[in-house]
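Everything below belongs to structure23.cif, which stores mmCIF, C-alpha atoms and all ligand atoms.
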```
data_my_file
loop_
_atom_site.label_atom_id
_atom_site.label_comp_id
_atom_site.auth_asym_id
_atom_site.auth_seq_id
_atom_site.Cartn_x
_atom_site.Cartn_y
_atom_site.Cartn_z
CA MET L 1 15.72 10.93 27.70
CA LYS L 2 12.74 13.22 27.20
CA VAL L 3 11.18 13.24 23.75
CA PRO L 4 8.69 15.77 22.32
CA PRO L 5 5.10 15.09 23.50
CA TRP L 6 3.84 14.22 20.00
CA ILE L 7 6.46 11.45 19.77
CA GLU L 8 5.49 10.19 23.21
CA LYS L 9 1.84 10.05 22.14
CA ALA L 10 2.49 8.49 18.72
CA LYS L 11 1.41 4.90 18.17
CA THR L 12 3.73 2.23 16.80
CA TYR L 13 2.92 0.34 13.58
CA THR L 14 2.00 -3.26 14.40
CA PRO L 15 2.92 -5.71 11.66
CA GLY L 16 0.90 -8.92 11.25
CA LEU L 17 1.67 -11.81 13.65
CA SER L 18 4.27 -14.32 12.54
CA ILE L 19 3.58 -17.95 11.63
CA GLU L 20 6.23 -19.17 14.07
CA GLU L 21 4.67 -17.21 16.93
CA ILE L 22 1.23 -18.74 16.35
CA LYS L 23 2.59 -22.27 15.89
CA LYS L 24 4.25 -21.98 19.29
CA ARG L 25 1.36 -20.25 21.04
CA TYR L 26 -1.26 -22.86 20.05
CA SER L 27 1.01 -25.88 19.48
CA LEU L 28 0.03 -26.09 15.84
CA LYS L 29 1.91 -27.91 13.07
CA GLN L 30 0.49 -25.90 10.19
CA VAL L 31 -0.31 -22.18 10.23
CA TYR L 32 -1.47 -20.05 7.28
CA LYS L 33 -0.82 -16.34 7.12
CA LEU L 34 -2.96 -14.21 4.85
CA ALA L 35 -2.46 -10.93 6.67
CA SER L 36 0.01 -8.62 4.94
CA ASN L 37 -1.16 -8.29 1.32
CA GLU L 38 2.03 -9.85 -0.02
CA ASN L 39 2.43 -11.72 -3.29
CA PRO L 40 2.12 -15.43 -2.32
CA LEU L 41 4.02 -16.64 -5.42
CA PRO L 42 7.69 -17.44 -4.77
CA PRO L 43 10.14 -14.89 -6.23
CA HIS L 44 10.90 -15.01 -9.96
CA GLU L 45 13.70 -17.54 -10.73
CA GLY L 46 15.71 -15.27 -13.05
CA LEU L 47 15.55 -12.49 -10.50
CA LEU L 48 16.91 -14.79 -7.78
CA LYS L 49 19.88 -15.68 -9.98
CA THR L 50 20.65 -12.02 -10.67
CA LEU L 51 20.43 -11.16 -6.98
CA THR L 52 22.72 -14.05 -6.02
CA GLU L 53 25.32 -12.60 -8.38
CA LYS L 54 24.79 -9.12 -6.94
CA LEU L 55 25.46 -10.42 -3.41
CA LYS L 56 29.14 -10.54 -4.34
CA THR L 57 29.22 -6.74 -4.37
CA ILE L 58 27.63 -5.91 -1.04
CA ASN L 59 30.93 -4.65 0.35
CA ARG L 60 30.30 -1.55 -1.82
CA TYR L 61 27.75 1.24 -1.48
CA PRO L 62 25.05 1.07 -4.15
CA SER L 63 26.51 3.21 -6.90
CA TYR L 64 24.14 2.79 -9.81
CA ILE L 65 20.94 4.54 -8.81
CA GLN L 66 20.70 6.52 -12.08
CA PRO L 67 20.31 3.51 -14.41
CA VAL L 68 17.54 2.20 -12.16
CA ILE L 69 15.80 5.58 -12.23
CA GLN L 70 16.13 5.47 -16.01
CA ALA L 71 14.59 1.99 -16.13
CA ALA L 72 11.76 3.13 -13.82
CA SER L 73 11.07 6.19 -15.97
CA GLN L 74 10.76 4.01 -19.07
CA TYR L 75 8.53 1.55 -17.26
CA TYR L 76 6.18 4.25 -15.95
CA GLN L 77 6.47 6.42 -19.10
CA VAL L 78 7.67 9.58 -17.34
CA GLU L 79 10.89 11.60 -17.42
CA ALA L 80 13.78 10.43 -15.24
CA SER L 81 13.59 13.82 -13.47
CA GLN L 82 10.15 12.81 -12.19
CA VAL L 83 11.27 9.67 -10.33
CA ILE L 84 12.47 9.00 -6.80
CA LEU L 85 13.20 5.57 -5.36
CA GLY L 86 12.45 4.73 -1.76
CA ASN L 87 13.14 2.08 0.83
CA GLY L 88 9.58 0.88 0.30
CA SER L 89 6.85 3.40 -0.44
CA SER L 90 6.52 3.65 3.36
CA GLU L 91 9.74 5.67 3.44
CA LEU L 92 8.36 7.99 0.76
CA ILE L 93 5.12 8.52 2.71
CA ASP L 94 7.13 9.44 5.79
CA LYS L 95 9.45 11.79 3.88
CA LEU L 96 6.54 13.56 2.17
CA MET L 97 5.13 14.35 5.61
CA GLN L 98 8.53 15.50 6.82
CA VAL L 99 9.26 17.75 3.84
CA TYR L 100 5.93 19.32 2.99
CA SER L 101 4.60 20.09 6.42
CA LYS L 102 5.32 22.47 9.21
CA SER L 103 4.06 22.24 12.76
CA ASP L 104 1.12 24.51 11.93
CA SER L 105 -0.02 22.50 8.94
CA ALA L 106 -2.28 19.56 8.39
CA VAL L 107 -2.70 16.32 6.49
CA LEU L 108 -6.03 15.12 5.14
CA ILE L 109 -6.84 11.42 4.88
CA SER L 110 -9.92 9.23 4.88
CA GLU L 111 -10.85 7.02 7.80
CA LYS L 112 -10.52 3.22 7.20
CA SER L 113 -7.40 3.72 5.15
CA PHE L 114 -3.73 2.70 5.32
CA PRO L 115 -2.74 3.20 9.01
CA LEU L 116 0.77 4.47 8.21
CA TYR L 117 -0.59 7.88 7.06
CA GLU L 118 -1.87 8.60 10.55
CA LEU L 119 1.23 7.25 12.29
CA CYS L 120 3.56 9.42 10.17
CA ALA L 121 1.40 12.49 10.72
CA GLN L 122 1.73 11.88 14.47
CA THR L 123 5.51 11.57 14.47
CA HIS L 124 5.82 14.75 12.39
CA ASN L 125 3.48 16.64 14.72
CA LEU L 126 0.91 17.41 12.05
CA THR L 127 -2.75 18.11 12.49
CA LEU L 128 -4.80 15.30 11.01
CA TYR L 129 -8.18 15.68 9.33
CA LYS L 130 -10.01 12.44 8.67
CA THR L 131 -13.10 12.27 6.52
CA THR L 132 -15.70 9.53 6.94
CA MET L 133 -16.45 6.88 4.35
CA ASN L 134 -19.67 6.35 2.42
CA GLU L 135 -21.89 3.43 3.35
CA ASP L 136 -20.35 1.30 0.63
CA LEU L 137 -16.93 2.00 2.22
CA LYS L 138 -15.78 4.40 -0.48
CA VAL L 139 -13.78 7.54 0.23
CA ASN L 140 -16.27 10.39 0.70
CA ILE L 141 -15.16 12.84 -1.97
CA GLU L 142 -17.74 15.52 -1.14
CA GLU L 143 -16.58 15.58 2.48
CA MET L 144 -12.96 15.75 1.34
CA LEU L 145 -13.71 18.69 -0.96
CA SER L 146 -15.51 20.61 1.78
CA THR L 147 -12.77 19.87 4.35
CA ILE L 148 -10.19 21.26 1.91
CA LYS L 149 -12.33 24.37 1.32
CA LYS L 150 -12.80 24.99 5.04
CA ASN L 151 -9.20 24.49 6.21
CA ASN L 152 -6.36 26.59 4.88
CA ASN L 153 -3.69 24.70 6.78
CA ILE L 154 -3.94 21.46 4.74
CA ARG L 155 -0.64 20.82 2.90
CA LEU L 156 -1.02 17.15 1.97
CA VAL L 157 -3.89 14.88 0.98
CA PHE L 158 -3.21 11.12 1.00
CA ILE L 159 -5.51 8.71 -0.79
CA SER L 160 -4.88 5.00 -1.05
CA ASN L 161 -6.34 4.12 -4.45
CA PRO L 162 -7.41 1.29 -4.44
CA ASN L 163 -7.96 1.66 -0.73
CA ASN L 164 -6.39 -0.67 1.80
CA PRO L 165 -8.31 -2.22 3.66
CA THR L 166 -11.69 -1.71 1.98
CA GLY L 167 -10.69 -2.57 -1.61
CA SER L 168 -12.77 0.38 -2.88
CA TYR L 169 -11.48 3.04 -5.28
CA ILE L 170 -12.07 6.58 -6.44
CA THR L 171 -12.75 7.23 -10.11
CA HIS L 172 -10.92 9.38 -12.66
CA SER L 173 -13.49 12.17 -12.41
CA GLU L 174 -13.31 12.14 -8.58
CA VAL L 175 -9.53 12.47 -8.73
CA GLU L 176 -9.88 15.38 -11.15
CA LYS L 177 -12.27 17.12 -8.73
CA LEU L 178 -9.71 16.77 -5.95
CA LEU L 179 -6.90 17.92 -8.23
CA SER L 180 -8.69 21.05 -9.30
CA ILE L 181 -9.65 22.11 -5.78
CA THR L 182 -6.10 21.56 -4.47
CA GLN L 183 -4.46 23.30 -7.44
CA ASN L 184 -2.77 26.63 -6.67
CA LYS L 185 -3.43 26.13 -2.96
CA ASN L 186 -0.01 24.89 -1.99
CA ILE L 187 -1.37 21.38 -1.41
CA LEU L 188 0.10 18.13 -2.71
CA LEU L 189 -2.37 15.40 -3.64
CA VAL L 190 -0.77 12.00 -3.08
CA LEU L 191 -2.31 9.01 -4.83
CA ASP L 192 -0.93 5.89 -3.23
CA GLU L 193 -1.37 3.28 -5.98
CA ALA L 194 0.17 0.31 -4.17
CA TYR L 195 -2.46 -2.09 -5.57
CA LEU L 196 -2.98 -0.53 -9.01
CA GLU L 197 -1.93 -3.61 -10.98
CA TYR L 198 -4.81 -5.64 -9.54
CA VAL L 199 -7.49 -3.17 -10.65
CA ARG L 200 -10.14 -4.63 -12.95
CA THR L 201 -12.58 -1.74 -13.16
CA LYS L 202 -12.71 0.52 -16.23
CA ASP L 203 -13.21 3.93 -14.58
CA PHE L 204 -10.02 3.77 -12.52
CA PRO L 205 -7.91 6.94 -12.90
CA ASP L 206 -4.81 7.03 -15.07
CA GLY L 207 -2.69 8.80 -12.48
CA VAL L 208 0.46 8.96 -14.60
CA SER L 209 -1.29 10.78 -17.44
CA LEU L 210 -2.61 13.33 -14.93
CA LEU L 211 0.97 14.18 -13.92
CA LYS L 212 1.36 16.18 -17.15
CA LYS L 213 -1.52 18.46 -16.26
CA TYR L 214 -1.15 18.75 -12.47
CA PRO L 215 2.30 19.54 -11.01
CA HIS L 216 0.93 19.14 -7.46
CA LEU L 217 0.08 15.46 -8.02
CA VAL L 218 2.28 12.79 -6.44
CA ILE L 219 1.98 9.11 -7.32
CA LEU L 220 3.34 6.35 -5.13
CA ARG L 221 3.96 2.84 -6.37
CA THR L 222 5.38 -0.13 -4.52
CA MET L 223 7.34 -3.21 -5.57
CA SER L 224 5.97 -5.05 -2.50
CA LYS L 225 2.73 -6.34 -3.99
CA VAL L 226 2.42 -7.61 -7.57
CA MET L 227 6.21 -7.46 -8.11
CA GLY L 228 6.77 -9.78 -5.14
CA LEU L 229 9.58 -7.81 -3.47
CA ALA L 230 8.07 -6.96 -0.06
CA GLY L 231 11.10 -8.22 1.84
CA LEU L 232 13.58 -6.16 -0.17
CA ARG L 233 11.80 -2.82 0.47
CA ALA L 234 11.44 -0.87 -2.74
CA GLY L 235 9.03 1.90 -3.68
CA VAL L 236 8.74 4.62 -6.31
CA LEU L 237 7.50 8.20 -6.27
CA LEU L 238 6.46 9.94 -9.50
CA SER L 239 5.81 13.67 -9.56
CA HIS L 240 6.87 17.03 -10.93
CA PRO L 241 10.69 17.48 -11.09
CA SER L 242 10.51 20.29 -8.49
CA THR L 243 8.89 17.92 -5.96
CA VAL L 244 11.52 15.31 -6.78
CA GLU L 245 14.32 17.83 -6.17
CA THR L 246 12.83 18.82 -2.81
CA MET L 247 12.38 15.23 -1.71
CA LYS L 248 16.00 14.41 -2.57
CA LYS L 249 17.10 16.83 0.16
CA ALA L 250 15.34 14.75 2.80
CA LEU L 251 16.40 11.28 1.69
CA CYS L 252 19.43 9.67 3.30
CA PRO L 253 22.27 8.79 0.95
CA PHE L 254 21.93 5.24 -0.41
CA ASN L 255 18.40 4.91 0.97
CA VAL L 256 17.71 1.94 -1.32
CA ASN L 257 20.00 -1.03 -0.81
CA ILE L 258 21.99 -2.72 -3.54
CA LEU L 259 19.76 -5.80 -3.82
CA ALA L 260 16.55 -3.78 -3.94
CA LEU L 261 18.04 -1.61 -6.69
CA GLU L 262 19.10 -4.61 -8.71
CA ALA L 263 15.67 -6.19 -8.28
CA MET L 264 13.98 -2.99 -9.42
CA ARG L 265 16.18 -2.78 -12.50
CA TYR L 266 15.38 -6.41 -13.32
CA CYS L 267 11.61 -6.03 -12.87
CA PHE L 268 11.42 -2.82 -14.89
CA SER L 269 13.52 -3.96 -17.81
CA ASN L 270 13.53 -7.75 -18.11
CA PRO L 271 10.86 -8.99 -20.55
CA SER L 272 10.75 -12.40 -18.84
CA PHE L 273 9.35 -10.71 -15.70
CA LYS L 274 6.09 -9.91 -17.53
CA GLN L 275 4.94 -13.52 -17.12
CA TYR L 276 5.41 -13.29 -13.33
CA LEU L 277 3.25 -10.16 -13.27
CA SER L 278 0.45 -11.71 -15.27
CA ASP L 279 0.57 -14.94 -13.21
CA SER L 280 0.36 -12.84 -10.02
CA LYS L 281 -2.64 -10.89 -11.25
CA GLU L 282 -4.42 -13.98 -12.61
CA LEU L 283 -4.04 -15.72 -9.25
CA VAL L 284 -5.59 -12.76 -7.41
CA TRP L 285 -8.47 -12.29 -9.85
CA LYS L 286 -9.35 -15.99 -9.93
CA SER L 287 -9.13 -16.22 -6.14
CA LEU L 288 -11.24 -13.13 -5.53
CA ASP L 289 -13.94 -14.54 -7.79
CA TYR L 290 -13.70 -17.83 -5.88
CA PHE L 291 -14.20 -16.06 -2.53
CA TYR L 292 -17.03 -13.86 -3.86
CA ASN L 293 -18.89 -17.00 -4.96
CA GLU L 294 -18.27 -19.00 -1.81
CA PHE L 295 -18.98 -16.06 0.52
CA LYS L 296 -22.30 -15.42 -1.24
CA LYS L 297 -23.29 -19.06 -0.69
CA LEU L 298 -22.37 -18.78 2.99
CA ASN L 299 -24.07 -15.41 3.47
CA ILE L 300 -20.80 -13.77 4.48
CA LYS L 301 -20.76 -9.99 4.08
CA PHE L 302 -17.85 -8.73 1.96
CA TYR L 303 -16.79 -5.70 -0.06
CA PRO L 304 -15.68 -6.34 -3.67
CA SER L 305 -11.99 -5.53 -3.91
CA GLN L 306 -9.70 -3.93 -6.49
CA GLY L 307 -6.67 -5.08 -4.47
CA ASN L 308 -5.12 -8.44 -3.52
CA PHE L 309 -7.18 -8.67 -0.34
CA LEU L 310 -10.78 -8.94 0.75
CA LEU L 311 -12.62 -7.28 3.64
CA PHE L 312 -15.35 -9.46 5.14
CA SER L 313 -17.35 -10.13 8.25
CA ILE L 314 -19.18 -13.21 9.52
CA ASN L 315 -20.89 -11.00 12.06
CA GLN L 316 -19.67 -12.85 15.13
CA PRO L 317 -17.42 -11.57 17.91
CA ASP L 318 -13.85 -12.91 18.29
CA THR L 319 -13.54 -14.26 14.75
CA PHE L 320 -9.92 -13.15 14.58
CA SER L 321 -8.86 -15.13 17.66
CA SER L 322 -11.03 -18.13 16.80
CA LEU L 323 -9.27 -18.38 13.43
CA LEU L 324 -5.88 -17.78 15.01
CA LYS L 325 -6.37 -20.77 17.30
CA LYS L 326 -7.11 -22.90 14.24
CA GLY L 327 -3.99 -21.71 12.46
CA LEU L 328 -5.22 -18.91 10.20
CA ILE L 329 -3.70 -15.44 10.63
CA LEU L 330 -5.82 -12.69 9.12
CA ARG L 331 -5.76 -8.94 9.78
CA PRO L 332 -8.29 -7.73 12.38
CA MET L 333 -9.77 -4.28 11.78
CA ASN L 334 -9.62 -2.03 14.78
CA GLU L 335 -11.28 0.99 13.18
CA PRO L 336 -14.64 2.15 14.51
CA GLY L 337 -17.35 0.76 12.24
CA LEU L 338 -15.28 -2.25 11.21
CA GLU L 339 -15.16 -4.01 14.58
CA ASN L 340 -16.20 -7.46 13.37
CA TYR L 341 -14.36 -7.21 10.09
CA LEU L 342 -11.26 -9.06 8.95
CA ARG L 343 -9.01 -8.38 5.98
CA MET L 344 -7.80 -11.49 4.20
CA SER L 345 -4.94 -11.32 1.71
CA ILE L 346 -5.16 -13.57 -1.32
CA GLY L 347 -2.90 -16.61 -0.98
CA LEU L 348 -1.99 -19.58 -3.13
CA GLU L 349 -4.93 -21.70 -4.27
CA GLU L 350 -4.37 -24.26 -1.54
CA GLU L 351 -4.10 -21.54 1.15
CA ASN L 352 -7.32 -19.94 -0.05
CA LYS L 353 -9.20 -23.25 0.10
CA LYS L 354 -7.87 -23.91 3.58
CA ALA L 355 -8.81 -20.39 4.70
CA LEU L 356 -12.36 -20.86 3.44
CA SER L 357 -12.76 -24.17 5.24
CA LEU L 358 -11.42 -22.70 8.50
CA ILE L 359 -13.78 -19.73 8.22
CA GLN L 360 -16.67 -22.13 7.64
CA SER L 361 -15.63 -24.21 10.63
CA ILE L 362 -16.04 -21.32 13.08
CA MET L 363 -19.43 -20.17 11.78
C1 LIG L 401 -1.85 1.50 0.61
C2 LIG L 401 -0.46 1.10 0.92
N1 LIG L 401 0.53 1.96 0.70
C3 LIG L 401 1.80 1.65 0.96
C4 LIG L 401 2.13 0.44 1.51
C5 LIG L 401 3.57 0.18 1.88
O1 LIG L 401 4.24 -0.42 0.89
P1 LIG L 401 5.84 -0.63 0.98
O2 LIG L 401 6.03 -2.06 1.23
O3 LIG L 401 6.30 -0.20 -0.38
O4 LIG L 401 6.38 0.24 2.05
C6 LIG L 401 1.15 -0.50 1.76
C7 LIG L 401 1.49 -1.80 2.35
O5 LIG L 401 0.73 -2.62 2.68
C8 LIG L 401 -0.19 -0.16 1.47
O6 LIG L 401 -1.19 -1.00 1.74
#
```
Show how you would write the structure in this file as structure tokens.
Ligand SMILES: Cc1ncc(COP(=O)(O)O)c(C=O)c1O
Amino acid sequence: MKVPPWIEKAKTYTPGLSIEEIKKRYSLKQVYKLASNENPLPPHEGLLKTLTEKLKTINRYPSYIQPVIQAASQYYQVEASQVILGNGSSELIDKLMQVYSKSDSAVLISEKSFPLYELCAQTHNLTLYKTTMNEDLKVNIEEMLSTIKKNNNIRLVFISNPNNPTGSYITHSEVEKLLSITQNKNILLVLDEAYLEYVRTKDFPDGVSLLKKYPHLVILRTMSKVMGLAGLRAGVLLSHPSTVETMKKALCPFNVNILALEAMRYCFSNPSFKQYLSDSKELVWKSLDYFYNEFKKLNIKFYPSQGNFLLFSINQPDTFSSLLKKGLILRPMNEPGLENYLRMSIGLEEENKKALSLIQSIM
């Protein structure tokens, strides 16, 4: 069956390798995976109980989306009319591209960013503009502004803030610059805040407060990171009610499954979940500081991170496969300029210690 040429050319998203695969390939007993920026803590006990109960109803379609939207709106301090739930924020990224673009329009992203933006642009046959990054691996705002000025066909701008995989971020004033240049130009500015909860810096933008002033702002949040629900697939979009209404037309009925909905409701409204969130953040912050210290001692180049991951290089070829053979799965960077770099997700304390000793052993 013939498919359109842009689908034929499109690349497929490659998820991280599995532990089982690597155990088998190298006959290893123990393999550590720090490759997908997940929350390494086991799921919250109370949540598991609630989900077990909910399993009894999976013969029914999920019929209570509205109460979950209500809980999300209270959690994020917006109106319920500003919220859409997605099957992971990945679904929402894809639908934004589908809905707000035509074949003669374009998407603007930064290089060295979340690969899904480019893959979705390809499958929706959109022109892609990619700006370069500054030397410190920050999104180049000046280049973004001038690309927007020069090209009238841009309909969407996607920024991962904090940025995966570099861990860098753009500030409140930089976001305002982008918002004012895109205003009244029929462009949506999408701030993908998947890692927001891990941010420790003071000048990070308050995206939600900017929603009041800028109707063309879209904020994406995910339950896959600090909330520990990656396997359930749950994401949230916050924007102007008109954008929400448009997006609803593109979403399939019951796009979020019954367990994901129940988990969202629980996380947004159960006070006992707050402890899980603070434990998750504490683990990441303590572990990042641990790696910063140890990497400095070992002369390993790294970029300080506002996420739950760390980009580093030991400036040797084949580090990814050398570590794989020893039982450590990290994420290799295939982007030009990051050839010898690896992204390591923060794990449990014991996993982090093991990762450090394996990295040391190949140096
Ligand atoms: C920047 C960014 N946005 C979105 C996602 C996708 O999240 P979800 O699991 O909600 O689809 C990821 C996942 O790693 C990410 O890094």
Hey, which residues sit close to ligand LIG 401 (chain L)? Say within 6 Å, counting only C-alpha atoms and all ligand atoms, and write them as a JSON list (two decimals) with C-alpha atoms, in the frame of the given file.
```json
[["chain", "number", "residue", "atom", "x", "y", "z"],
["L", 88, "GLY", "CA", 9.58, 0.88, 0.30],
["L", 89, "SER", "CA", 6.85, 3.40, -0.44],
["L", 90, "SER", "CA", 6.52, 3.65, 3.36],
["L", 114, "PHE", "CA", -3.73, 2.70, 5.32],
["L", 160, "SER", "CA", -4.88, 5.00, -1.05],
["L", 164, "ASN", "CA", -6.39, -0.67, 1.80],
["L", 192, "ASP", "CA", -0.93, 5.89, -3.23],
["L", 194, "ALA", "CA", 0.17, 0.31, -4.17],
["L", 222, "THR", "CA", 5.38, -0.13, -4.52],
["L", 224, "SER", "CA", 5.97, -5.05, -2.50],
["L", 230, "ALA", "CA", 8.07, -6.96, -0.06],
["L", 233, "ARG", "CA", 11.80, -2.82, 0.47],
["L", 234, "ALA", "CA", 11.44, -0.87, -2.74],
["L", 235, "GLY", "CA", 9.03, 1.90, -3.68]]
```
One decimal, Å: what's the distance from CA of Leu196 (chain L) over to CA of Asn161 (chain L), could you say?
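Pair CA of Leu196 (chain L) / CA of Asn161 (chain L) returns 7.3 Å.
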Smallest atom-to-atom distance to Arg60 (chain L): which of L:Leu156, L:Ile359, L:Asn257, L:Leu188, using only C-alpha atoms?
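Among the listed residues, L:Asn257 lies closest to Arg60 (chain L).
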Using only C-alpha atoms, I'd like a table of the residues in region 211-284 of chain L that come within 9 Å of region 94-110 of chain L; for each, show the closest atom pair and its distance in Å rounded to one decimal, ordered by chain and ascending number, as CSV.
```
residue,atom,partner,partner_atom,distance
L:Thr246,CA,L:Val99,CA,7.6
L:Met247,CA,L:Val99,CA,6.8
L:Lys249,CA,L:Val99,CA,8.7
L:Ala250,CA,L:Lys95,CA,6.7
L:Leu251,CA,L:Lys95,CA,7.3
```
Exercise: Val68 (chain L) partners within 10 Å, all atoms listed in the file, chain neighbours under 5 positions left out, as a ChimeraX atom specification:
/L:73-74,80,83,85,261-266,268-269
If we count all atoms listed in the file, what is near Thr57 (chain L) at a cut-off of 10 Å, once residues fewer than 5 positions away on the same chain are taken out, given as a PyMOL selection string?
chain L and resi 52+62+258-259
What is the distance, in Å and to one decimal place, between CA of Gln77 (chain L) and CA of Leu211 (chain L)?
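We find that CA of Gln77 (chain L) and CA of Leu211 (chain L) lie 10.8 Å from each other.
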